[in-house]
$ cat coords13.pdb   # PDB, C-alpha atoms
ATOM      1  CA  MET F   1       9.120 -27.807   8.975
ATOM      2  CA  SER F   2       9.308 -24.299  10.494
ATOM      3  CA  HIS F   3       6.879 -22.891  13.073
ATOM      4  CA  LEU F   4       5.329 -20.738  10.348
ATOM      5  CA  GLU F   5       4.891 -23.708   8.045
ATOM      6  CA  ARG F   6       3.300 -25.805  10.817
ATOM      7  CA  SER F   7       0.936 -22.967  11.663
ATOM      8  CA  MET F   8      -0.021 -22.430   8.054
ATOM      9  CA  SER F   9      -0.562 -26.126   7.385
ATOM     10  CA  ASN F  10      -3.543 -26.000   9.766
ATOM     11  CA  ASP F  11      -5.246 -22.911   8.350
ATOM     12  CA  PRO F  12      -3.118 -20.393   6.460
ATOM     13  CA  LEU F  13      -5.929 -17.821   6.410
ATOM     14  CA  LYS F  14      -7.246 -17.934   9.974
ATOM     15  CA  SER F  15      -8.686 -14.426   9.907
ATOM     16  CA  TRP F  16     -10.718 -15.108   6.764
ATOM     17  CA  SER F  17     -14.283 -16.366   7.067
ATOM     18  CA  ASP F  18     -14.937 -19.714   5.435
ATOM     19  CA  GLY F  19     -16.696 -19.141   2.142
ATOM     20  CA  VAL F  20     -16.317 -18.415  -1.555
ATOM     21  CA  THR F  21     -13.603 -15.749  -1.200
ATOM     22  CA  LYS F  22     -11.279 -17.768   1.025
ATOM     23  CA  SER F  23     -11.842 -20.867  -1.102
ATOM     24  CA  ALA F  24     -10.975 -18.956  -4.284
ATOM     25  CA  ILE F  25      -7.582 -17.954  -2.853
ATOM     26  CA  LEU F  26      -6.760 -21.416  -1.514
ATOM     27  CA  ASN F  27      -7.866 -23.077  -4.750
ATOM     28  CA  PHE F  28      -5.768 -20.750  -6.911
ATOM     29  CA  VAL F  29      -2.595 -21.290  -4.884
ATOM     30  CA  SER F  30      -3.196 -25.036  -4.785
ATOM     31  CA  ARG F  31      -3.570 -25.227  -8.556
ATOM     32  CA  VAL F  32      -0.557 -23.112  -9.539
ATOM     33  CA  THR F  33       1.738 -24.954  -7.125
ATOM     34  CA  ALA F  34       0.672 -28.493  -8.116
ATOM     35  CA  GLU F  35       3.584 -29.908 -10.120
ATOM     36  CA  GLY F  36       2.779 -31.951 -13.189
ATOM     37  CA  THR F  37      -0.590 -30.280 -13.770
ATOM     38  CA  ARG F  38      -1.711 -27.958 -16.538
ATOM     39  CA  ASP F  39      -2.001 -24.974 -14.170
ATOM     40  CA  PHE F  40       1.423 -25.379 -12.536
ATOM     41  CA  VAL F  41       3.519 -22.190 -12.455
ATOM     42  CA  PRO F  42       7.268 -22.449 -11.708
ATOM     43  CA  HIS F  43       8.643 -20.412  -8.819
ATOM     44  CA  ALA F  44      10.271 -17.818 -11.062
ATOM     45  CA  LYS F  45       6.881 -16.899 -12.545
ATOM     46  CA  ARG F  46       4.959 -16.701  -9.280
ATOM     47  CA  ILE F  47       4.746 -12.920  -9.106
ATOM     48  CA  ALA F  48       2.126 -11.283  -6.863
ATOM     49  CA  VAL F  49       1.515  -7.525  -6.685
ATOM     50  CA  PHE F  50      -0.396  -5.566  -4.060
ATOM     51  CA  ASP F  51      -1.498  -1.980  -3.815
ATOM     52  CA  ASN F  52      -0.744  -0.515  -0.369
ATOM     53  CA  ASP F  53      -3.195   2.204   0.712
ATOM     54  CA  GLY F  54      -6.629   0.674   1.262
ATOM     55  CA  THR F  55      -5.343  -2.794   0.342
ATOM     56  CA  LEU F  56      -2.779  -3.517   3.052
ATOM     57  CA  TRP F  57      -3.578  -0.704   5.501
ATOM     58  CA  PRO F  58      -6.233   2.084   5.773
ATOM     59  CA  GLU F  59      -6.502   5.103   3.521
ATOM     60  CA  GLN F  60      -9.371   6.933   5.255
ATOM     61  CA  PRO F  61      -9.954   9.726   6.051
ATOM     62  CA  THR F  62      -6.780  10.524   4.116
ATOM     63  CA  TYR F  63      -3.647   8.681   3.024
ATOM     64  CA  ILE F  64      -1.255   8.010   5.905
ATOM     65  CA  GLN F  65       1.695   9.464   4.013
ATOM     66  CA  PHE F  66      -0.226  12.743   3.728
ATOM     67  CA  VAL F  67      -0.633  12.766   7.518
ATOM     68  CA  PHE F  68       3.147  12.359   7.751
ATOM     69  CA  ALA F  69       3.698  15.184   5.237
ATOM     70  CA  PHE F  70       1.320  17.506   7.115
ATOM     71  CA  ASP F  71       3.163  16.807  10.369
ATOM     72  CA  ARG F  72       6.434  17.562   8.612
ATOM     73  CA  VAL F  73       5.070  20.960   7.478
ATOM     74  CA  LYS F  74       4.362  21.806  11.114
ATOM     75  CA  ALA F  75       7.809  20.619  12.185
ATOM     76  CA  LEU F  76       9.587  22.604   9.477
ATOM     77  CA  VAL F  77       7.655  25.882   9.729
ATOM     78  CA  PRO F  78      10.278  27.548  12.009
ATOM     79  CA  GLU F  79      12.636  27.287   9.030
ATOM     80  CA  HIS F  80       9.955  28.427   6.568
ATOM     81  CA  GLN F  81       7.995  31.282   8.125
ATOM     82  CA  GLU F  82       6.628  32.173   4.678
ATOM     83  CA  TRP F  83       4.483  29.022   4.811
ATOM     84  CA  ARG F  84       2.204  30.701   7.390
ATOM     85  CA  THR F  85       0.695  32.885   4.688
ATOM     86  CA  ARG F  86       1.260  30.718   1.615
ATOM     87  CA  GLN F  87      -1.068  28.002   0.355
ATOM     88  CA  PRO F  88      -1.216  25.051   0.509
ATOM     89  CA  PHE F  89       1.007  25.191   3.613
ATOM     90  CA  GLN F  90      -1.236  27.722   5.359
ATOM     91  CA  ALA F  91      -4.168  25.300   5.187
ATOM     92  CA  VAL F  92      -2.072  22.597   6.848
ATOM     93  CA  LEU F  93      -0.862  24.898   9.623
ATOM     94  CA  GLU F  94      -4.362  26.237  10.327
ATOM     95  CA  GLY F  95      -5.958  22.790  10.214
ATOM     96  CA  ASN F  96      -8.332  23.982   7.490
ATOM     97  CA  VAL F  97      -9.995  20.656   6.708
ATOM     98  CA  GLU F  98     -12.085  21.983   3.817
ATOM     99  CA  ALA F  99      -9.039  23.514   2.148
ATOM    100  CA  LEU F 100      -7.040  20.313   2.630
ATOM    101  CA  VAL F 101      -9.815  18.178   1.147
ATOM    102  CA  ALA F 102      -9.987  20.548  -1.823
ATOM    103  CA  LEU F 103      -6.247  20.320  -2.505
ATOM    104  CA  ASN F 104      -5.566  19.287  -6.088
ATOM    105  CA  GLU F 105      -2.683  17.130  -7.249
ATOM    106  CA  LYS F 106      -0.464  20.188  -7.714
ATOM    107  CA  GLY F 107      -0.980  21.320  -4.121
ATOM    108  CA  LEU F 108      -0.352  17.889  -2.664
ATOM    109  CA  ARG F 109       2.739  17.419  -4.803
ATOM    110  CA  GLU F 110       4.070  20.780  -3.575
ATOM    111  CA  ILE F 111       3.682  19.636   0.024
ATOM    112  CA  ILE F 112       5.303  16.254  -0.659
ATOM    113  CA  THR F 113       8.194  17.893  -2.510
ATOM    114  CA  ALA F 114       8.844  20.397   0.278
ATOM    115  CA  THR F 115       8.709  17.841   3.092
ATOM    116  CA  HIS F 116      10.436  14.886   1.415
ATOM    117  CA  SER F 117      13.529  16.607  -0.039
ATOM    118  CA  GLY F 118      16.596  18.487   1.128
ATOM    119  CA  MET F 119      17.931  15.562   3.157
ATOM    120  CA  THR F 120      19.811  12.367   2.512
ATOM    121  CA  THR F 121      17.959   9.095   1.962
ATOM    122  CA  ASP F 122      19.264   7.829   5.313
ATOM    123  CA  GLU F 123      18.041  10.956   7.097
ATOM    124  CA  PHE F 124      14.609  10.592   5.504
ATOM    125  CA  SER F 125      14.351   6.950   6.586
ATOM    126  CA  ALA F 126      15.245   7.927  10.138
ATOM    127  CA  ILE F 127      12.582  10.650  10.187
ATOM    128  CA  VAL F 128       9.898   8.259   8.925
ATOM    129  CA  THR F 129      10.965   5.578  11.406
ATOM    130  CA  ALA F 130      10.727   8.022  14.315
ATOM    131  CA  TRP F 131       7.329   9.306  13.144
ATOM    132  CA  LEU F 132       5.862   5.806  12.815
ATOM    133  CA  ALA F 133       7.155   4.934  16.287
ATOM    134  CA  THR F 134       5.536   7.960  17.950
ATOM    135  CA  THR F 135       2.383   8.830  15.983
ATOM    136  CA  LYS F 136      -1.008   7.192  16.472
ATOM    137  CA  ASP F 137      -4.132   7.259  14.330
ATOM    138  CA  LYS F 138      -6.684   9.678  15.795
ATOM    139  CA  ARG F 139      -9.639   7.309  15.515
ATOM    140  CA  PHE F 140      -8.110   3.974  16.481
ATOM    141  CA  LYS F 141      -5.473   5.292  18.899
ATOM    142  CA  ARG F 142      -2.894   2.851  17.543
ATOM    143  CA  PHE F 143       0.384   3.216  15.705
ATOM    144  CA  TYR F 144      -0.111   3.045  11.955
ATOM    145  CA  THR F 145       1.946  -0.115  11.601
ATOM    146  CA  GLU F 146      -0.556  -1.741  13.992
ATOM    147  CA  LEU F 147      -3.343  -0.882  11.543
ATOM    148  CA  VAL F 148      -2.229  -3.180   8.749
ATOM    149  CA  TYR F 149      -4.861  -5.725   7.799
ATOM    150  CA  GLN F 150      -4.346  -9.049   9.553
ATOM    151  CA  PRO F 151      -6.051 -11.058   6.756
ATOM    152  CA  MET F 152      -3.723  -9.510   4.182
ATOM    153  CA  LEU F 153      -0.679 -10.249   6.345
ATOM    154  CA  GLU F 154      -1.788 -13.885   6.357
ATOM    155  CA  LEU F 155      -2.303 -13.806   2.604
ATOM    156  CA  LEU F 156       1.158 -12.356   2.003
ATOM    157  CA  ALA F 157       2.730 -15.012   4.240
ATOM    158  CA  TYR F 158       0.726 -17.772   2.554
ATOM    159  CA  LEU F 159       1.909 -16.687  -0.882
ATOM    160  CA  GLN F 160       5.504 -16.269   0.253
ATOM    161  CA  ILE F 161       5.653 -19.726   1.808
ATOM    162  CA  ASN F 162       4.272 -21.139  -1.454
ATOM    163  CA  GLY F 163       7.087 -19.690  -3.524
ATOM    164  CA  PHE F 164       5.551 -16.382  -4.587
ATOM    165  CA  LYS F 165       7.610 -13.231  -4.833
ATOM    166  CA  THR F 166       5.397 -10.493  -3.386
ATOM    167  CA  PHE F 167       5.654  -6.867  -4.507
ATOM    168  CA  ILE F 168       3.990  -3.658  -3.392
ATOM    169  CA  VAL F 169       3.069  -1.377  -6.308
ATOM    170  CA  SER F 170       1.783   1.986  -5.116
ATOM    171  CA  GLY F 171       1.308   5.538  -6.289
ATOM    172  CA  ALA F 172       2.452   6.572  -2.807
ATOM    173  CA  GLY F 173       6.036   7.159  -1.767
ATOM    174  CA  GLN F 174       8.440   4.319  -2.414
ATOM    175  CA  ASP F 175      10.970   5.548   0.153
ATOM    176  CA  PHE F 176       8.196   5.998   2.740
ATOM    177  CA  ILE F 177       6.822   2.447   2.317
ATOM    178  CA  ARG F 178      10.284   0.873   2.221
ATOM    179  CA  VAL F 179      10.943   2.035   5.777
ATOM    180  CA  PHE F 180       8.357  -0.358   7.248
ATOM    181  CA  ALA F 181       7.518  -2.868   4.481
ATOM    182  CA  ASP F 182      10.136  -5.462   5.425
ATOM    183  CA  LYS F 183       9.304  -5.593   9.130
ATOM    184  CA  THR F 184       5.545  -5.170   8.647
ATOM    185  CA  TYR F 185       4.778  -7.157   5.481
ATOM    186  CA  CYS F 186       7.945  -9.269   5.039
ATOM    187  CA  VAL F 187       8.333  -7.483   1.701
ATOM    188  CA  PRO F 188      11.967  -6.363   1.287
ATOM    189  CA  PRO F 189      12.766  -2.818   0.095
ATOM    190  CA  GLU F 190      13.748  -3.927  -3.414
ATOM    191  CA  GLN F 191      10.229  -5.320  -3.880
ATOM    192  CA  VAL F 192       8.522  -1.985  -3.246
ATOM    193  CA  VAL F 193       7.641   0.056  -6.339
ATOM    194  CA  GLY F 194       6.256   3.568  -5.921
ATOM    195  CA  SER F 195       6.656   7.277  -6.456
ATOM    196  CA  THR F 196       9.850   8.891  -5.230
ATOM    197  CA  THR F 197      11.766  12.133  -5.224
ATOM    198  CA  ALA F 198      14.769  12.350  -7.505
ATOM    199  CA  THR F 199      18.090  11.696  -5.801
ATOM    200  CA  GLN F 200      21.538  13.088  -6.458
ATOM    201  CA  PHE F 201      24.885  11.580  -5.503
ATOM    202  CA  GLN F 202      26.964  13.936  -3.372
ATOM    203  CA  VAL F 203      29.925  13.784  -1.012
ATOM    204  CA  GLN F 204      29.276  15.376   2.379
ATOM    205  CA  ASN F 205      31.999  15.430   5.029
ATOM    206  CA  LEU F 206      34.067  13.004   2.962
ATOM    207  CA  ARG F 207      31.142  10.581   2.901
ATOM    208  CA  PRO F 208      29.117   9.672  -0.215
ATOM    209  CA  VAL F 209      25.366  10.192   0.203
ATOM    210  CA  LEU F 210      22.206  10.294  -1.879
ATOM    211  CA  LEU F 211      20.436  13.636  -1.478
ATOM    212  CA  LYS F 212      16.680  13.793  -2.038
ATOM    213  CA  MET F 213      15.956  16.583  -4.518
ATOM    214  CA  PRO F 214      12.799  18.743  -4.858
ATOM    215  CA  SER F 215      11.520  16.832  -7.874
ATOM    216  CA  VAL F 216       8.938  14.039  -7.809
ATOM    217  CA  GLU F 217       9.255  10.965 -10.018
ATOM    218  CA  PRO F 218       5.698   9.605  -9.798
ATOM    219  CA  VAL F 219       4.157   6.204 -10.348
ATOM    220  CA  GLU F 220       0.723   7.330 -11.443
ATOM    221  CA  ASP F 221      -2.328   5.386 -10.352
ATOM    222  CA  GLY F 222      -4.173   3.727 -13.210
ATOM    223  CA  PRO F 223      -2.133   3.114 -16.382
ATOM    224  CA  GLY F 224       1.076   4.032 -14.567
ATOM    225  CA  LYS F 225       1.009   0.884 -12.459
ATOM    226  CA  PRO F 226       1.413  -1.733 -15.225
ATOM    227  CA  VAL F 227       4.064   0.512 -16.785
ATOM    228  CA  ALA F 228       5.939   0.535 -13.465
ATOM    229  CA  ILE F 229       5.519  -3.235 -13.094
ATOM    230  CA  ASN F 230       7.082  -3.773 -16.502
ATOM    231  CA  ARG F 231       9.882  -1.318 -15.793
ATOM    232  CA  PHE F 232      10.854  -2.407 -12.299
ATOM    233  CA  ILE F 233       9.697  -6.030 -12.058
ATOM    234  CA  GLY F 234       9.986  -7.108 -15.687
ATOM    235  CA  GLN F 235       7.304  -9.800 -15.483
ATOM    236  CA  ARG F 236       3.542  -9.847 -15.711
ATOM    237  CA  PRO F 237       2.081 -10.906 -12.341
ATOM    238  CA  ILE F 238      -0.189 -13.921 -11.996
ATOM    239  CA  PHE F 239      -1.760 -12.543  -8.801
ATOM    240  CA  ALA F 240      -2.854  -8.962  -8.089
ATOM    241  CA  PHE F 241      -4.788  -7.255  -5.299
ATOM    242  CA  GLY F 242      -6.099  -3.696  -5.166
ATOM    243  CA  ASN F 243      -9.025  -1.761  -3.756
ATOM    244  CA  SER F 244      -9.853   1.195  -5.993
ATOM    245  CA  ASP F 245     -10.222   2.467  -9.527
ATOM    246  CA  GLY F 246      -6.537   3.390  -9.351
ATOM    247  CA  ASP F 247      -5.766  -0.337  -9.461
ATOM    248  CA  LYS F 248      -7.970  -1.077 -12.470
ATOM    249  CA  GLU F 249      -5.227  -1.245 -15.085
ATOM    250  CA  MET F 250      -2.917  -3.269 -12.840
ATOM    251  CA  LEU F 251      -5.652  -5.872 -12.435
ATOM    252  CA  GLU F 252      -6.450  -5.823 -16.162
ATOM    253  CA  TRP F 253      -2.759  -6.240 -17.026
ATOM    254  CA  THR F 254      -2.496  -9.202 -14.688
ATOM    255  CA  GLY F 255      -5.639 -10.819 -16.086
ATOM    256  CA  ALA F 256      -4.521 -10.446 -19.695
ATOM    257  CA  GLY F 257      -1.716 -12.996 -19.322
ATOM    258  CA  ILE F 258      -1.780 -16.622 -20.387
ATOM    259  CA  GLY F 259      -2.732 -19.280 -17.847
ATOM    260  CA  LEU F 260      -4.483 -19.180 -14.495
ATOM    261  CA  ARG F 261      -4.737 -15.680 -12.964
ATOM    262  CA  PHE F 262      -6.075 -14.186  -9.743
ATOM    263  CA  MET F 263      -7.417 -10.654  -9.471
ATOM    264  CA  GLY F 264      -8.686  -9.502  -6.071
ATOM    265  CA  ILE F 265     -10.299  -6.344  -4.692
ATOM    266  CA  VAL F 266     -10.768  -5.246  -1.083
ATOM    267  CA  HIS F 267     -14.240  -3.711  -0.747
ATOM    268  CA  HIS F 268     -14.487  -1.556   2.381
ATOM    269  CA  THR F 269     -17.887  -2.406   3.841
ATOM    270  CA  ASP F 270     -17.277  -2.294   7.605
ATOM    271  CA  ALA F 271     -17.856   1.135   9.143
ATOM    272  CA  ASP F 272     -17.689  -0.271  12.675
ATOM    273  CA  ARG F 273     -14.306  -2.002  12.530
ATOM    274  CA  GLU F 274     -12.733   0.158   9.803
ATOM    275  CA  TRP F 275     -14.509   2.256   7.138
ATOM    276  CA  ALA F 276     -17.314   1.800   4.610
ATOM    277  CA  TYR F 277     -16.949   3.513   1.231
ATOM    278  CA  ASP F 278     -16.871   2.841  -2.501
ATOM    279  CA  ARG F 279     -18.416   4.714  -5.456
ATOM    280  CA  GLN F 280     -18.758   8.204  -3.950
ATOM    281  CA  SER F 281     -15.524   8.395  -1.963
ATOM    282  CA  ASP F 282     -12.949  11.066  -2.770
ATOM    283  CA  VAL F 283     -10.269   8.778  -1.320
ATOM    284  CA  GLY F 284      -9.968   5.249  -2.714
ATOM    285  CA  ARG F 285     -13.013   5.428  -4.969
ATOM    286  CA  LEU F 286     -14.209   1.964  -5.989
ATOM    287  CA  ASP F 287     -16.569   2.395  -8.924
ATOM    288  CA  LYS F 288     -15.548   1.362 -12.437
ATOM    289  CA  VAL F 289     -13.308  -1.459 -11.279
ATOM    290  CA  LEU F 290     -16.088  -2.856  -9.079
ATOM    291  CA  ASP F 291     -18.348  -3.132 -12.130
ATOM    292  CA  GLU F 292     -15.532  -4.741 -14.098
ATOM    293  CA  ALA F 293     -14.801  -7.186 -11.285
ATOM    294  CA  ASN F 294     -18.423  -8.285 -11.159
ATOM    295  CA  ALA F 295     -18.557  -8.640 -14.947
ATOM    296  CA  LYS F 296     -15.300 -10.611 -15.206
ATOM    297  CA  GLY F 297     -15.636 -12.743 -12.100
ATOM    298  CA  TRP F 298     -12.751 -11.249 -10.175
ATOM    299  CA  THR F 299     -12.678 -11.925  -6.438
ATOM    300  CA  VAL F 300     -14.231  -9.105  -4.399
ATOM    301  CA  VAL F 301     -13.478  -9.229  -0.672
ATOM    302  CA  ASP F 302     -16.390  -7.977   1.410
ATOM    303  CA  MET F 303     -14.519  -6.759   4.483
ATOM    304  CA  LYS F 304     -17.501  -7.107   6.824
ATOM    305  CA  ARG F 305     -18.414 -10.592   5.622
ATOM    306  CA  ASP F 306     -15.058 -12.133   4.662
ATOM    307  CA  TRP F 307     -12.771 -10.942   7.466
ATOM    308  CA  ASN F 308     -13.213 -12.262  11.023
ATOM    309  CA  VAL F 309     -10.497  -9.862  12.158
ATOM    310  CA  VAL F 310      -9.360  -6.581  10.603
ATOM    311  CA  PHE F 311      -6.276  -5.501  12.578
ATOM    312  CA  PRO F 312      -3.570  -7.644  14.222
ATOM    313  CA  THR F 313      -4.405  -6.349  17.706
ATOM    314  CA  GLU F 314      -7.804  -8.049  17.390
ATOM    315  CA  ALA F 315      -6.291 -11.414  16.486
ATOM    316  CA  PRO F 316      -6.221 -14.169  19.127
TER
END
$ encode --input "coords13.pdb" --output "structure tokens"
Amino acid sequence: MSHLERSMSNDPLKSWSDGVTKSAILNFVSRVTAEGTRDFVPHAKRIAVFDNDGTLWPEQPTYIQFVFAFDRVKALVPEHQEWRTRQPFQAVLEGNVEALVALNEKGLREIITATHSGMTTDEFSAIVTAWLATTKDKRFKRFYTELVYQPMLELLAYLQINGFKTFIVSGAGQDFIRVFADKTYCVPPEQVVGSTTATQFQVQNLRPVLLKMPSVEPVEDGPGKPVAINRFIGQRPIFAFGNSDGDKEMLEWTGAGIGLRFMGIVHHTDADREWAYDRQSDVGRLDKVLDEANAKGWTVVDMKRDWNVVFPTEAP
């Protein structure tokens, strides 16, 4: 038995408060892994999917990838002086918070396209790696990879050690998440599904490369997530976790399958340790899916009540 297995045999979800939510997770995993029972699910069918922003790490006051993109605008402006007087780049450079909040999908996509293309995939990974290693969140004063949720790290590990294949399914950038997912979540790059820029095979200096092109291939929140799951994973999950209305269809798709299913939602209720928001939030709005979860008996995680610890740096 490995060190991880010994640790988990005592309490696999140490950072979760004892109660209905923790029991629901433990009971589900126990039932689907019990051979010879009606609820048993073979390893090949144990597929679990997780949203990323707001489910595995914070998404307030804005998505972390947007912070990266805004920093890239500032870094690239010497090569693009026209951005100083052209929206939406001008708003980023001037720190115009109201203008940034008001950015529509077209404006955000223009920023992502400009800052995530024109380089090879290896160059992009190196840029993201360097940014994550040097940039701290303004409120918490910690690197972003230190702001992943400790309870969700435990949940991922618990599922993995019980034969689940864990995937991240996000509307955010696939190439961005892949840089840190393996080291941070123990989710390998091939198990990250998300939006990306188109790539083109080229030969540069006698070396084949993949060049990131100025064209976004999105995984849309909402209906786009089950479509992406079918396209890239090829199986309906038996376990799904999200945190917003953008995860509604992914949870519904998971719940529509035959046999025992688990649908979970992270409800941000802790303004002191993280953030508190739901129905009125412009980022990560939790409204329709919260009503559906209550009506269908899905598991809703109350962050303030159900998590003893939020971030790994708080863990003993």
$ residues_around --input "coords13.pdb" --residues "range 226-238 of chain F" --least-positions-apart "6" --cutoff "6 Å" --atoms "only C-alpha atoms" --output "PyMOL selection string"
chain F and resi 47-48+250+254+261
$ write_last_selection --input "coords13.pdb" --atoms "C-alpha atoms" --output "PDB file, keeping the file's coordinate frame"
ATOM      1  CA  ILE F  47       4.746 -12.920  -9.106  1.00  0.00           C
ATOM      2  CA  ALA F  48       2.126 -11.283  -6.863  1.00  0.00           C
ATOM      3  CA  MET F 250      -2.917  -3.269 -12.840  1.00  0.00           C
ATOM      4  CA  THR F 254      -2.496  -9.202 -14.688  1.00  0.00           C
ATOM      5  CA  ARG F 261      -4.737 -15.680 -12.964  1.00  0.00           C
TER       6      ARG F 261
END
$ atom_distance --input "coords13.pdb" --atom1 "CA of Ile161 in chain F" --atom2 "CA of Glu249 in chain F"
27.3 Å
$ residues_around --input "coords13.pdb" --residues "range 90-98 of chain F" --least-positions-apart "5" --cutoff "12 Å" --atoms "all atoms listed in the file" --output "list in words"
Pro61, Thr62, Phe66, Val67, Phe68, Ala69, Phe70, Asp71, Arg72, Val73, Lys74, Ala75, Leu76, Val77, Pro78, His80, Gln81, Glu82, Trp83, Arg84, Thr85, Leu103, Gly107, Leu108 and Ile111 of chain F
$ resolve_selection --input "coords13.pdb" --expression "the PyMOL selection byres ((chain F and resi 220) around 10)" --output "ChimeraX atom specification"
/F:170-172,194-195,217-219,221-228,246
$ write_last_selection --input "coords13.pdb" --atoms "C-alpha atoms" --output "PDB file, keeping the file's coordinate frame"
ATOM      1  CA  SER F 170       1.783   1.986  -5.116  1.00  0.00           C
ATOM      2  CA  GLY F 171       1.308   5.538  -6.289  1.00  0.00           C
ATOM      3  CA  ALA F 172       2.452   6.572  -2.807  1.00  0.00           C
ATOM      4  CA  GLY F 194       6.256   3.568  -5.921  1.00  0.00           C
ATOM      5  CA  SER F 195       6.656   7.277  -6.456  1.00  0.00           C
ATOM      6  CA  GLU F 217       9.255  10.965 -10.018  1.00  0.00           C
ATOM      7  CA  PRO F 218       5.698   9.605  -9.798  1.00  0.00           C
ATOM      8  CA  VAL F 219       4.157   6.204 -10.348  1.00  0.00           C
ATOM      9  CA  ASP F 221      -2.328   5.386 -10.352  1.00  0.00           C
ATOM     10  CA  GLY F 222      -4.173   3.727 -13.210  1.00  0.00           C
ATOM     11  CA  PRO F 223      -2.133   3.114 -16.382  1.00  0.00           C
ATOM     12  CA  GLY F 224       1.076   4.032 -14.567  1.00  0.00           C
ATOM     13  CA  LYS F 225       1.009   0.884 -12.459  1.00  0.00           C
ATOM     14  CA  PRO F 226       1.413  -1.733 -15.225  1.00  0.00           C
ATOM     15  CA  VAL F 227       4.064   0.512 -16.785  1.00  0.00           C
ATOM     16  CA  ALA F 228       5.939   0.535 -13.465  1.00  0.00           C
ATOM     17  CA  GLY F 246      -6.537   3.390  -9.351  1.00  0.00           C
TER      18      GLY F 246
END
$ residues_near_point --input "coords13.pdb" --point "(-16.0, -12.1, 10.6)" --cutoff "12 Å" --atoms "only C-alpha atoms" --output "list in words"
Lys14, Ser15, Trp16, Ser17, Asp18, Gly19, Pro151, Thr269, Asp270, Arg273, Val301, Asp302, Met303, Lys304, Arg305, Asp306, Trp307, Asn308, Val309, Val310, Phe311, Glu314 and Ala315 of chain F
$ write_last_selection --input "coords13.pdb" --atoms "C-alpha atoms" --output "PDB file, in the coordinates of the input"
ATOM      1  CA  LYS F  14      -7.246 -17.934   9.974  1.00  0.00           C
ATOM      2  CA  SER F  15      -8.686 -14.426   9.907  1.00  0.00           C
ATOM      3  CA  TRP F  16     -10.718 -15.108   6.764  1.00  0.00           C
ATOM      4  CA  SER F  17     -14.283 -16.366   7.067  1.00  0.00           C
ATOM      5  CA  ASP F  18     -14.937 -19.714   5.435  1.00  0.00           C
ATOM      6  CA  GLY F  19     -16.696 -19.141   2.142  1.00  0.00           C
ATOM      7  CA  PRO F 151      -6.051 -11.058   6.756  1.00  0.00           C
ATOM      8  CA  THR F 269     -17.887  -2.406   3.841  1.00  0.00           C
ATOM      9  CA  ASP F 270     -17.277  -2.294   7.605  1.00  0.00           C
ATOM     10  CA  ARG F 273     -14.306  -2.002  12.530  1.00  0.00           C
ATOM     11  CA  VAL F 301     -13.478  -9.229  -0.672  1.00  0.00           C
ATOM     12  CA  ASP F 302     -16.390  -7.977   1.410  1.00  0.00           C
ATOM     13  CA  MET F 303     -14.519  -6.759   4.483  1.00  0.00           C
ATOM     14  CA  LYS F 304     -17.501  -7.107   6.824  1.00  0.00           C
ATOM     15  CA  ARG F 305     -18.414 -10.592   5.622  1.00  0.00           C
ATOM     16  CA  ASP F 306     -15.058 -12.133   4.662  1.00  0.00           C
ATOM     17  CA  TRP F 307     -12.771 -10.942   7.466  1.00  0.00           C
ATOM     18  CA  ASN F 308     -13.213 -12.262  11.023  1.00  0.00           C
ATOM     19  CA  VAL F 309     -10.497  -9.862  12.158  1.00  0.00           C
ATOM     20  CA  VAL F 310      -9.360  -6.581  10.603  1.00  0.00           C
ATOM     21  CA  PHE F 311      -6.276  -5.501  12.578  1.00  0.00           C
ATOM     22  CA  GLU F 314      -7.804  -8.049  17.390  1.00  0.00           C
ATOM     23  CA  ALA F 315      -6.291 -11.414  16.486  1.00  0.00           C
TER      24      ALA F 315
END
$ atom_distance --input "coords13.pdb" --atom1 "CA of Asp182 in chain F" --atom2 "CA of Leu153 in chain F"
11.9 Å
$ closest_residue --input "coords13.pdb" --among "F:Tyr277, F:Leu251, F:Ile64, F:Met119" --to "Thr135 in chain F" --atoms "all atoms listed in the file"
F:Ile64
$ residues_around --input "coords13.pdb" --residues "range 214-216 of chain F" --least-positions-apart "6" --cutoff "7 Å" --atoms "all atoms listed in the file" --output "VMD selection string"
chain F and resid 113 to 114 117 196 to 198
$ resolve_selection --input "coords13.pdb" --expression "the PyMOL selection byres ((chain F and resi 211) around 7)" --output "list in words"
Gly118, Met119, Thr120, Thr121, Thr199, Gln200, Phe201, Gln202, Val209, Leu210, Lys212 and Met213 of chain F
$ closest_residue --input "coords13.pdb" --among "F:Thr55, F:Met152, F:Thr134, F:Asp291" --to "Leu13 in chain F" --atoms "all atoms listed in the file"
F:Met152
$ atom_distance --input "coords13.pdb" --atom1 "CA of Asn243 in chain F" --atom2 "CA of Thr299 in chain F"
11.1 Å
$ axis_aligned_box --input "coords13.pdb" --around "range 45-58 of chain F" --padding-each-side "3 Å" --output "AutoDock Vina command-line options"
--center_x 0.1 --center_y -7.3 --center_z -3.4 --size_x 19.5 --size_y 25.1 --size_z 24.3
$ closest_residue --input "coords13.pdb" --among "F:Gln280, F:Lys106, F:Ala293, F:Gln60" --to "Glu252 in chain F" --atoms "only C-alpha atoms"
F:Ala293
